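Engineer: Contents of upload-v4.cif (mmCIF, C-alpha atoms and all ligand atoms) are below:
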data_work
#
loop_
_atom_site.group_PDB
_atom_site.id
_atom_site.type_symbol
_atom_site.label_atom_id
_atom_site.label_comp_id
_atom_site.auth_asym_id
_atom_site.auth_seq_id
_atom_site.Cartn_x
_atom_site.Cartn_y
_atom_site.Cartn_z
ATOM 1 C CA MET A 1 0.000 0.000 0.000
ATOM 2 C CA SER A 2 1.339 3.459 -0.823
ATOM 3 C CA ALA A 3 2.152 5.739 2.091
ATOM 4 C CA LEU A 4 -0.313 8.353 3.332
ATOM 5 C CA LEU A 5 2.627 10.564 4.300
ATOM 6 C CA SER A 6 6.017 10.371 2.641
ATOM 7 C CA VAL A 7 9.004 12.485 3.660
ATOM 8 C CA GLN A 8 11.950 12.290 1.277
ATOM 9 C CA SER A 9 15.473 13.671 1.817
ATOM 10 C CA LEU A 10 14.135 16.417 4.071
ATOM 11 C CA VAL A 11 16.403 19.256 5.181
ATOM 12 C CA ALA A 12 14.974 21.958 7.460
ATOM 13 C CA GLY A 13 15.881 24.237 10.329
ATOM 14 C CA TYR A 14 15.910 27.726 11.737
ATOM 15 C CA GLY A 15 17.612 30.845 10.369
ATOM 16 C CA GLY A 16 19.528 28.913 7.729
ATOM 17 C CA VAL A 17 20.878 26.378 10.234
ATOM 18 C CA ALA A 18 19.845 22.824 9.302
ATOM 19 C CA ILE A 19 18.432 20.838 12.232
ATOM 20 C CA ILE A 20 16.832 18.173 10.046
ATOM 21 C CA GLU A 21 19.781 17.126 7.893
ATOM 22 C CA ASP A 22 18.380 14.261 5.816
ATOM 23 C CA ILE A 23 15.208 12.508 6.889
ATOM 24 C CA ASN A 24 13.239 9.864 5.020
ATOM 25 C CA LEU A 25 10.057 8.469 6.475
ATOM 26 C CA ASP A 26 6.841 6.841 5.246
ATOM 27 C CA VAL A 27 3.626 6.557 7.255
ATOM 28 C CA ALA A 28 1.011 4.124 5.953
ATOM 29 C CA GLU A 29 -2.688 4.866 6.163
ATOM 30 C CA ASN A 30 -4.250 4.036 9.555
ATOM 31 C CA GLU A 31 -0.993 3.238 11.310
ATOM 32 C CA ILE A 32 0.416 4.623 14.537
ATOM 33 C CA SER A 33 3.974 5.682 13.926
ATOM 34 C CA VAL A 34 6.300 6.930 16.657
ATOM 35 C CA ILE A 35 9.403 9.094 16.419
ATOM 36 C CA ILE A 36 11.901 8.685 19.233
ATOM 37 C CA GLY A 37 15.466 9.839 19.815
ATOM 38 C CA PRO A 38 17.642 11.900 22.122
ATOM 39 C CA ASN A 39 16.922 15.489 23.158
ATOM 40 C CA GLY A 40 17.705 17.893 20.365
ATOM 41 C CA ALA A 41 17.580 15.220 17.632
ATOM 42 C CA GLY A 42 15.091 17.327 15.683
ATOM 43 C CA LYS A 43 11.943 15.320 16.415
ATOM 44 C CA SER A 44 9.708 18.337 17.084
ATOM 45 C CA THR A 45 11.309 20.200 14.194
ATOM 46 C CA LEU A 46 10.370 17.320 11.882
ATOM 47 C CA LEU A 47 6.704 17.459 12.929
ATOM 48 C CA LYS A 48 6.677 21.255 12.632
ATOM 49 C CA THR A 49 8.224 21.053 9.161
ATOM 50 C CA ILE A 50 5.597 18.546 7.991
ATOM 51 C CA PHE A 51 2.948 21.007 9.279
ATOM 52 C CA ALA A 52 4.722 23.934 7.550
ATOM 53 C CA LEU A 53 5.580 25.708 10.813
ATOM 54 C CA THR A 54 9.326 25.424 10.196
ATOM 55 C CA ALA A 55 11.058 26.236 6.915
ATOM 56 C CA ARG A 56 12.007 23.331 4.652
ATOM 57 C CA SER A 57 15.085 23.980 2.536
ATOM 58 C CA GLU A 58 15.391 20.687 0.627
ATOM 59 C CA GLY A 59 13.459 17.492 0.044
ATOM 60 C CA THR A 60 9.808 16.708 -0.498
ATOM 61 C CA ILE A 61 6.771 15.955 1.643
ATOM 62 C CA SER A 62 3.855 14.115 0.030
ATOM 63 C CA PHE A 63 0.432 13.478 1.492
ATOM 64 C CA ALA A 64 -2.128 11.138 -0.074
ATOM 65 C CA GLY A 65 -0.032 11.094 -3.228
ATOM 66 C CA LYS A 66 0.139 14.905 -3.538
ATOM 67 C CA ASP A 67 3.290 16.989 -3.161
ATOM 68 C CA ILE A 68 2.524 19.315 -0.229
ATOM 69 C CA SER A 69 6.068 20.629 0.222
ATOM 70 C CA GLY A 70 5.242 24.229 -0.672
ATOM 71 C CA LEU A 71 1.882 24.507 1.089
ATOM 72 C CA LYS A 72 1.064 26.638 4.121
ATOM 73 C CA THR A 73 -0.395 25.275 7.355
ATOM 74 C CA SER A 74 -3.766 26.835 6.497
ATOM 75 C CA GLN A 75 -3.785 24.797 3.279
ATOM 76 C CA LEU A 76 -2.724 21.566 4.995
ATOM 77 C CA VAL A 77 -5.625 21.491 7.472
ATOM 78 C CA PRO A 78 -8.363 21.320 4.787
ATOM 79 C CA LEU A 79 -6.364 18.548 3.091
ATOM 80 C CA GLY A 80 -6.639 16.477 6.287
ATOM 81 C CA ILE A 81 -3.575 17.162 8.445
ATOM 82 C CA SER A 82 -3.847 18.409 12.014
ATOM 83 C CA MET A 83 -1.265 18.903 14.760
ATOM 84 C CA VAL A 84 -1.213 19.045 18.547
ATOM 85 C CA PRO A 85 1.883 20.953 19.671
ATOM 86 C CA GLN A 86 3.729 19.965 22.828
ATOM 87 C CA SER A 87 2.994 22.991 24.969
ATOM 88 C CA ARG A 88 0.574 25.897 25.053
ATOM 89 C CA ASN A 89 -1.798 23.702 23.076
ATOM 90 C CA VAL A 90 -5.086 25.029 24.478
ATOM 91 C CA PHE A 91 -6.508 28.537 24.751
ATOM 92 C CA PRO A 92 -6.602 28.739 28.564
ATOM 93 C CA THR A 93 -9.180 31.528 28.884
ATOM 94 C CA LEU A 94 -11.595 29.949 26.400
ATOM 95 C CA THR A 95 -13.993 27.244 27.531
ATOM 96 C CA VAL A 96 -13.525 23.630 26.506
ATOM 97 C CA ASP A 97 -16.374 24.002 24.004
ATOM 98 C CA GLU A 98 -14.845 27.171 22.554
ATOM 99 C CA ASN A 99 -11.483 25.402 22.254
ATOM 100 C CA LEU A 100 -13.165 22.600 20.284
ATOM 101 C CA ASP A 101 -14.857 25.181 18.081
ATOM 102 C CA VAL A 102 -11.519 26.832 17.253
ATOM 103 C CA GLY A 103 -10.533 23.501 15.714
ATOM 104 C CA THR A 104 -13.160 23.968 13.008
ATOM 105 C CA TYR A 105 -11.977 27.399 11.810
ATOM 106 C CA ALA A 106 -9.371 26.296 9.258
ATOM 107 C CA ALA A 107 -11.546 23.532 7.796
ATOM 108 C CA PRO A 108 -15.220 23.928 8.772
ATOM 109 C CA PRO A 109 -16.888 20.491 8.831
ATOM 110 C CA LYS A 110 -20.179 20.008 6.950
ATOM 111 C CA ASP A 111 -21.941 18.849 10.099
ATOM 112 C CA LYS A 112 -20.142 20.495 13.013
ATOM 113 C CA GLU A 113 -22.520 19.087 15.633
ATOM 114 C CA ALA A 114 -21.963 15.500 14.440
ATOM 115 C CA VAL A 115 -18.191 15.975 14.485
ATOM 116 C CA ARG A 116 -18.372 17.491 17.986
ATOM 117 C CA GLU A 117 -20.430 14.499 19.193
ATOM 118 C CA ASN A 118 -17.921 12.126 17.619
ATOM 119 C CA VAL A 119 -15.047 13.908 19.361
ATOM 120 C CA LEU A 120 -16.864 13.952 22.714
ATOM 121 C CA SER A 121 -17.545 10.222 22.381
ATOM 122 C CA LEU A 122 -13.756 9.784 22.405
ATOM 123 C CA PHE A 123 -13.315 12.096 25.409
ATOM 124 C CA PRO A 124 -16.436 11.571 27.566
ATOM 125 C CA ASP A 125 -14.648 13.162 30.551
ATOM 126 C CA LEU A 126 -14.892 16.506 28.754
ATOM 127 C CA ARG A 127 -18.692 16.438 28.553
ATOM 128 C CA ASP A 128 -19.280 17.963 31.982
ATOM 129 C CA LYS A 129 -16.413 20.414 31.537
ATOM 130 C CA LEU A 130 -17.607 22.017 28.306
ATOM 131 C CA GLY A 131 -18.367 25.358 29.970
ATOM 132 C CA GLN A 132 -15.177 25.464 32.029
ATOM 133 C CA ALA A 133 -12.077 27.458 31.043
ATOM 134 C CA ALA A 134 -9.495 25.073 29.559
ATOM 135 C CA GLY A 135 -6.781 26.652 31.729
ATOM 136 C CA GLU A 136 -8.555 25.357 34.865
ATOM 137 C CA LEU A 137 -8.265 21.700 33.811
ATOM 138 C CA SER A 138 -5.632 19.149 34.810
ATOM 139 C CA GLY A 139 -2.720 18.490 32.455
ATOM 140 C CA GLY A 140 -4.288 15.267 31.190
ATOM 141 C CA GLN A 141 -7.660 16.912 30.602
ATOM 142 C CA ARG A 142 -5.970 19.794 28.760
ATOM 143 C CA GLN A 143 -4.235 17.261 26.532
ATOM 144 C CA MET A 144 -7.653 15.764 25.737
ATOM 145 C CA VAL A 145 -8.974 19.226 24.838
ATOM 146 C CA ALA A 146 -5.960 19.807 22.567
ATOM 147 C CA MET A 147 -6.446 16.441 20.870
ATOM 148 C CA GLY A 148 -10.188 17.044 20.582
ATOM 149 C CA ARG A 149 -9.597 20.454 19.016
ATOM 150 C CA ALA A 150 -7.221 18.896 16.465
ATOM 151 C CA LEU A 151 -9.809 16.216 15.628
ATOM 152 C CA MET A 152 -12.552 18.806 14.979
ATOM 153 C CA SER A 153 -11.151 19.379 11.475
ATOM 154 C CA GLU A 154 -11.654 15.647 10.761
ATOM 155 C CA PRO A 155 -8.003 14.963 9.930
ATOM 156 C CA LYS A 156 -6.769 11.881 8.117
ATOM 157 C CA LEU A 157 -3.356 12.421 9.716
ATOM 158 C CA LEU A 158 -2.851 13.608 13.289
ATOM 159 C CA LEU A 159 0.600 14.870 14.283
ATOM 160 C CA LEU A 160 1.192 14.747 18.053
ATOM 161 C CA ASP A 161 4.215 16.246 19.776
ATOM 162 C CA GLU A 162 4.801 14.411 23.064
ATOM 163 C CA PRO A 163 1.141 13.869 24.007
ATOM 164 C CA THR A 164 2.086 12.414 27.404
ATOM 165 C CA ALA A 165 4.664 15.054 28.413
ATOM 166 C CA GLY A 166 4.336 15.905 32.086
ATOM 167 C CA LEU A 167 1.451 13.490 32.711
ATOM 168 C CA SER A 168 1.220 10.943 35.516
ATOM 169 C CA PRO A 169 1.737 7.248 34.642
ATOM 170 C CA ALA A 170 -2.035 6.701 35.020
ATOM 171 C CA TYR A 171 -2.822 9.439 32.497
ATOM 172 C CA LEU A 172 -0.085 8.168 30.215
ATOM 173 C CA GLU A 173 -1.981 4.887 29.831
ATOM 174 C CA ILE A 174 -5.243 6.741 29.300
ATOM 175 C CA ILE A 175 -3.729 8.839 26.513
ATOM 176 C CA PHE A 176 -2.146 5.827 24.787
ATOM 177 C CA ASP A 177 -5.498 3.966 24.974
ATOM 178 C CA LEU A 178 -7.151 7.037 23.454
ATOM 179 C CA LEU A 179 -4.691 6.986 20.571
ATOM 180 C CA LEU A 180 -5.751 3.413 19.797
ATOM 181 C CA ASP A 181 -9.405 4.572 19.847
ATOM 182 C CA ILE A 182 -8.618 7.524 17.586
ATOM 183 C CA ARG A 183 -6.920 5.176 15.129
ATOM 184 C CA LYS A 184 -10.069 2.996 15.148
ATOM 185 C CA HIS A 185 -11.906 6.092 13.888
ATOM 186 C CA GLY A 186 -9.712 5.935 10.770
ATOM 187 C CA VAL A 187 -7.119 8.526 11.793
ATOM 188 C CA THR A 188 -3.445 7.904 11.037
ATOM 189 C CA ILE A 189 -1.107 9.030 13.827
ATOM 190 C CA LEU A 190 2.482 10.242 13.692
ATOM 191 C CA MET A 191 3.768 11.212 17.121
ATOM 192 C CA VAL A 192 6.932 12.200 18.917
ATOM 193 C CA GLU A 193 7.267 10.528 22.325
ATOM 194 C CA GLN A 194 9.777 10.578 25.159
ATOM 195 C CA ASN A 195 8.055 7.612 26.812
ATOM 196 C CA ALA A 196 9.592 5.550 24.063
ATOM 197 C CA LYS A 197 9.058 2.056 25.398
ATOM 198 C CA GLN A 198 5.346 2.522 26.105
ATOM 199 C CA ALA A 199 4.845 4.320 22.794
ATOM 200 C CA LEU A 200 6.572 1.596 20.766
ATOM 201 C CA ARG A 201 4.331 -1.000 22.431
ATOM 202 C CA ILE A 202 1.227 0.568 20.833
ATOM 203 C CA ALA A 203 2.961 1.630 17.612
ATOM 204 C CA ASP A 204 2.897 -0.178 14.298
ATOM 205 C CA ASN A 205 6.189 1.446 13.319
ATOM 206 C CA GLY A 206 8.885 3.523 14.934
ATOM 207 C CA HIS A 207 11.639 5.802 13.705
ATOM 208 C CA VAL A 208 14.707 6.638 15.757
ATOM 209 C CA LEU A 209 16.242 10.003 14.848
ATOM 210 C CA VAL A 210 19.724 11.108 15.851
ATOM 211 C CA SER A 211 21.221 14.502 14.952
ATOM 212 C CA GLY A 212 18.587 15.226 12.336
ATOM 213 C CA ARG A 213 19.032 11.939 10.499
ATOM 214 C CA ASN A 214 17.403 8.512 10.460
ATOM 215 C CA PHE A 215 19.189 6.117 12.791
ATOM 216 C CA ILE A 216 16.893 3.107 12.460
ATOM 217 C CA SER A 217 13.259 2.442 11.522
ATOM 218 C CA GLY A 218 11.171 -0.670 11.965
ATOM 219 C CA SER A 219 8.070 -2.158 13.517
ATOM 220 C CA GLY A 220 7.416 -1.135 17.125
ATOM 221 C CA GLU A 221 8.149 -4.685 18.202
ATOM 222 C CA SER A 222 11.413 -4.964 16.272
ATOM 223 C CA LEU A 223 12.706 -1.707 17.779
ATOM 224 C CA LEU A 224 11.734 -2.843 21.276
ATOM 225 C CA ASN A 225 13.782 -5.980 20.701
ATOM 226 C CA ASP A 226 16.755 -4.326 19.000
ATOM 227 C CA ASP A 227 19.836 -4.405 21.252
ATOM 228 C CA ALA A 228 21.298 -1.102 20.029
ATOM 229 C CA VAL A 229 17.956 0.693 20.350
ATOM 230 C CA ARG A 230 17.374 -0.794 23.804
ATOM 231 C CA ARG A 231 20.837 0.163 25.025
ATOM 232 C CA SER A 232 20.864 3.697 23.685
ATOM 233 C CA PHE A 233 17.247 4.825 23.655
ATOM 234 C CA LEU A 234 15.140 2.610 25.931
ATOM 235 C CA GLY A 235 17.160 2.655 29.101
ATOM 236 C CA GLY A 236 18.777 -0.718 28.456
ATOM 237 C CA ALA A 237 16.143 -2.905 30.103
ATOM 238 C CA ALA A 238 14.393 -5.701 28.248
ATOM 239 C CA ALA A 239 11.170 -4.662 26.562
HETATM 240 N N1 LIG B 301 12.480 28.097 17.133
HETATM 241 C C1 LIG B 301 13.755 27.688 17.132
HETATM 242 N N2 LIG B 301 14.755 28.497 16.741
HETATM 243 C C2 LIG B 301 16.050 28.086 16.727
HETATM 244 N N3 LIG B 301 16.448 26.837 17.066
HETATM 245 C C3 LIG B 301 15.496 25.988 17.473
HETATM 246 C C4 LIG B 301 14.112 26.350 17.530
HETATM 247 N N4 LIG B 301 13.397 25.270 17.948
HETATM 248 C C5 LIG B 301 14.305 24.282 18.149
HETATM 249 N N5 LIG B 301 15.549 24.706 17.862
HETATM 250 C C6 LIG B 301 16.778 23.896 17.963
HETATM 251 O O1 LIG B 301 16.651 22.762 17.120
HETATM 252 C C7 LIG B 301 17.260 21.620 17.732
HETATM 253 C C8 LIG B 301 16.276 20.473 17.727
HETATM 254 O O2 LIG B 301 15.165 20.822 18.519
HETATM 255 P P1 LIG B 301 13.847 19.927 18.538
HETATM 256 O O3 LIG B 301 12.918 20.550 19.506
HETATM 257 O O4 LIG B 301 13.379 19.667 17.173
HETATM 258 O O5 LIG B 301 14.448 18.563 19.137
HETATM 259 P P2 LIG B 301 13.714 17.342 19.781
HETATM 260 O O6 LIG B 301 14.364 16.114 19.224
HETATM 261 O O7 LIG B 301 12.243 17.459 19.635
HETATM 262 O O8 LIG B 301 14.153 17.525 21.293
HETATM 263 P P3 LIG B 301 13.391 17.242 22.685
HETATM 264 O O9 LIG B 301 13.325 15.754 22.793
HETATM 265 O O10 LIG B 301 14.346 17.828 23.687
HETATM 266 O O11 LIG B 301 12.066 17.920 22.635
HETATM 267 C C9 LIG B 301 17.700 22.053 19.123
HETATM 268 O O12 LIG B 301 19.095 22.277 19.091
HETATM 269 C C10 LIG B 301 16.951 23.349 19.361
HETATM 270 O O13 LIG B 301 17.690 24.225 20.146
#
Please render this file's structure as structure tokens.
Ligand SMILES: Nc1ncnc2c1ncn2[C@@H]1O[C@H](COP(=O)(O)OP(=O)(O)OP(=O)(O)O)[C@@H](O)[C@H]1O
Structural biologist:
Amino acid sequence: MSALLSVQSLVAGYGGVAIIEDINLDVAENEISVIIGPNGAGKSTLLKTIFALTARSEGTISFAGKDISGLKTSQLVPLGISMVPQSRNVFPTLTVDENLDVGTYAAPPKDKEAVRENVLSLFPDLRDKLGQAAGELSGGQRQMVAMGRALMSEPKLLLLDEPTAGLSPAYLEIIFDLLLDIRKHGVTILMVEQNAKQALRIADNGHVLVSGRNFISGSGESLLNDDAVRRSFLGGAAA
């Protein structure tokens, strides 16, 4: 099957300095794909470049068979790409419902109410918080609002930057279970995660990045069982 997202020979960075030096990566439709690697490897920069928030200088990015390399973020959302950034990913003074509504601005759905119901069915905990300011919620609940907002544009591909950052182990499991539910709704997921072992356990495929380049890619299971990956990126312990 051809890839939903294909990144070829990507070079990108900030102010003319390349952070992504040469990245190749394919994400198949309806898979969960995880990017791991050391701090500063360029993982967030890769996601931001795919979502046109960081400047690409070389290489191509294709989505659903179309070259999207030159498109702006506002053009990517209607095509079916959405992103949840790592931090400051909700509007704290807006209510939960207003935050969800913001997610429809760039690509208004035909039936907003049906999409909202669909999103709330994934995050039932948010139902009795709809009128509350998002800034008053716990970290895990805020992450649900951010993911819900991103899903309001009905994306085919959801980019998530460290969805479990700063969350308790209990919430970490909740978020990973939610990702499996989101995938069941037909959404393909590409995420960056520091909780690499847990993420690889639910992932179809993983990509280890080092210094802006591919180090190794493979199925989640094969990376969990790879000695070099275990030693250098998973804390050494058996999977
Ligand atoms: N807006 C920016 N302007 C300039 N340099 C930046 C910017 N954002 C990130 N960088 C630099 O790019 C490099 C890669 O950062 P990036 O956040 O992509 O790494 P990462 O692999 O996601 O790291 P972490 O796991 O620590 O989040 C770092 O050296 C960082 O300082």
Engineer: Residue by residue, what does the PyMOL selection byres (((chain A and resi 99-102) around 8) and not hetatm) grab here? Present the result as a list in words.
Structural biologist: Val90, Phe91, Leu94, Thr95, Val96, Asp97, Glu98, Gly103, Thr104, Tyr105, Arg116, Ala134, Val145, Ala146, Gly148, Arg149, Ala150 and Met152 of chain A
Engineer: For the file shown, what are the residues hit by the PyMOL selection byres (((chain A and resi 166-174) around 9) and not hetatm), laid out as a list in words?
Structural biologist: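 Output from the PyMOL selection byres (((chain A and resi 166-174) around 9) and not hetatm), applied to this file: Gly139, Gly140, Pro163, Thr164, Ala165, Ile175, Phe176, Asp177, Leu178, Leu179, Asn195 and Gln198 of chain A.
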Engineer: I'd like to know which of A:Ile189, A:Val119, A:Leu209, A:Leu151 is closest to ligand LIG 301 (chain B), using all atoms listed in the file.
Structural biologist: A:Leu209
Engineer: Which distance in Å separates CA of Met147 in chain A and CA of Leu46 in chain A, to one decimal?
Structural biologist: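 CA of Leu46 in chain A lies at a distance of 19.1 Å from CA of Met147 in chain A.
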Engineer: In Å, rounded to a single decimal, give me how far CA of Glu31 in chain A is from atom O7 of ligand LIG 301 (chain B).
Structural biologist: 21.1 Å
Engineer: Grab all the atoms of ligand LIG 301 (chain B) that the file lists, wrap them in a box along x, y and z, add 3 Å per side, and give me centre plus edge lengths in Å (one decimal) as lines of an AutoDock Vina configuration file.
Structural biologist:
center_x = 15.6
center_y = 22.1
center_z = 20.2
size_x = 13.0
size_y = 18.7
size_z = 13.0
Engineer: So that I can check the surroundings of Ser9 in chain A, please list as an NGL selection string every protein, DNA and RNA residue that reaches within 12 Å of it, counting only C-alpha atoms and ignoring chain neighbours fewer than 2 positions away.
Structural biologist: :A and (6-7 or 11-12 or 20-26 or 46 or 56-62 or 69 or 212-214)
Engineer: List all protein, DNA and RNA residues that have at least one atom no more than 6 Å from any atom of ligand LIG 301 (chain B), counting all atoms listed in the file, and write them as a PDB file with C-alpha atoms, in the frame of the given file.
Structural biologist:
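Wrote selection22.pdb, looks like this:
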ATOM      1  CA  TYR A  14      15.910  27.726  11.737  1.00  0.00           C
ATOM      2  CA  ILE A  19      18.432  20.838  12.232  1.00  0.00           C
ATOM      3  CA  PRO A  38      17.642  11.900  22.122  1.00  0.00           C
ATOM      4  CA  ASN A  39      16.922  15.489  23.158  1.00  0.00           C
ATOM      5  CA  GLY A  40      17.705  17.893  20.365  1.00  0.00           C
ATOM      6  CA  ALA A  41      17.580  15.220  17.632  1.00  0.00           C
ATOM      7  CA  GLY A  42      15.091  17.327  15.683  1.00  0.00           C
ATOM      8  CA  LYS A  43      11.943  15.320  16.415  1.00  0.00           C
ATOM      9  CA  SER A  44       9.708  18.337  17.084  1.00  0.00           C
ATOM     10  CA  THR A  45      11.309  20.200  14.194  1.00  0.00           C
TER      11      THR A  45
END
Engineer: Would you pick out the contacts of range 82-85 of chain A at 6 Å or less, using only C-alpha atoms, so that residues sharing its chain but fewer than 6 positions from it are not included, and give the list as a PyMOL selection string?
Structural biologist: chain A and resi 150+155+158-161
Engineer: In Å, with one decimal, what is the gap from CA of Ser232 in chain A to CA of Val192 in chain A?
Structural biologist: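 These two atoms are separated by 17.0 Å.
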Engineer: Show me the residues close to (0.6, 8.4, 13.7) - anything with an atom within 9 Å, counting all atoms listed in the file - and format the list as a list in words.
Structural biologist: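 Residues lying no farther than 9 Å from the given point: Val27, Ala28, Glu29, Asn30, Glu31, Ile32, Ser33, Val34, Leu157, Leu158, Leu159, Leu160, Leu179, Arg183, Val187, Thr188, Ile189, Leu190, Met191, Ala203, Asp204 and Asn205 of chain A.
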Engineer: Ala196 in chain A: which residues within 8 Å, counting all atoms listed in the file, same-chain residues fewer than 2 positions away excluded, as a short mmCIF file (atom, residue, chain, number, x, y, z; two decimals) with C-alpha atoms, keeping the file's coordinate frame?
Structural biologist:
data_model
loop_
_atom_site.label_atom_id
_atom_site.label_comp_id
_atom_site.auth_asym_id
_atom_site.auth_seq_id
_atom_site.Cartn_x
_atom_site.Cartn_y
_atom_site.Cartn_z
CA ILE A 36 11.90 8.68 19.23
CA GLU A 193 7.27 10.53 22.32
CA GLN A 194 9.78 10.58 25.16
CA GLN A 198 5.35 2.52 26.10
CA ALA A 199 4.84 4.32 22.79
CA LEU A 200 6.57 1.60 20.77
CA PHE A 233 17.25 4.82 23.66
CA LEU A 234 15.14 2.61 25.93
#
Engineer: Nearest to Leu223 in chain A among A:Ala52, A:Leu120, A:Ile35, A:Leu10, with distances taken over only C-alpha atoms: which residue is it?
Structural biologist: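 That would be A:Ile35, the residue with the smallest distance to Leu223 in chain A.
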Engineer: Which residue out of A:Gly235, A:Leu224, A:Arg88, A:Glu154 has the minimum interatomic distance to Asp111 in chain A when all atoms listed in the file are used?
Structural biologist: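 Among the listed residues, the smallest separation from Asp111 in chain A belongs to A:Glu154.
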Engineer: Taking into account only C-alpha atoms, which residue in the set A:Pro92, A:Pro124, A:Pro78, A:Gly37 is nearest to Arg230 in chain A?
Structural biologist: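 So, comparing all the options, the nearest one is A:Gly37.
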Engineer: Using the chain letters and numbers from the file, which residues does the PyMOL selection byres (((chain A and resi 207) around 6) and not hetatm) grab, as number ranges by chain?
Structural biologist: A: 35, 206, 208, 217
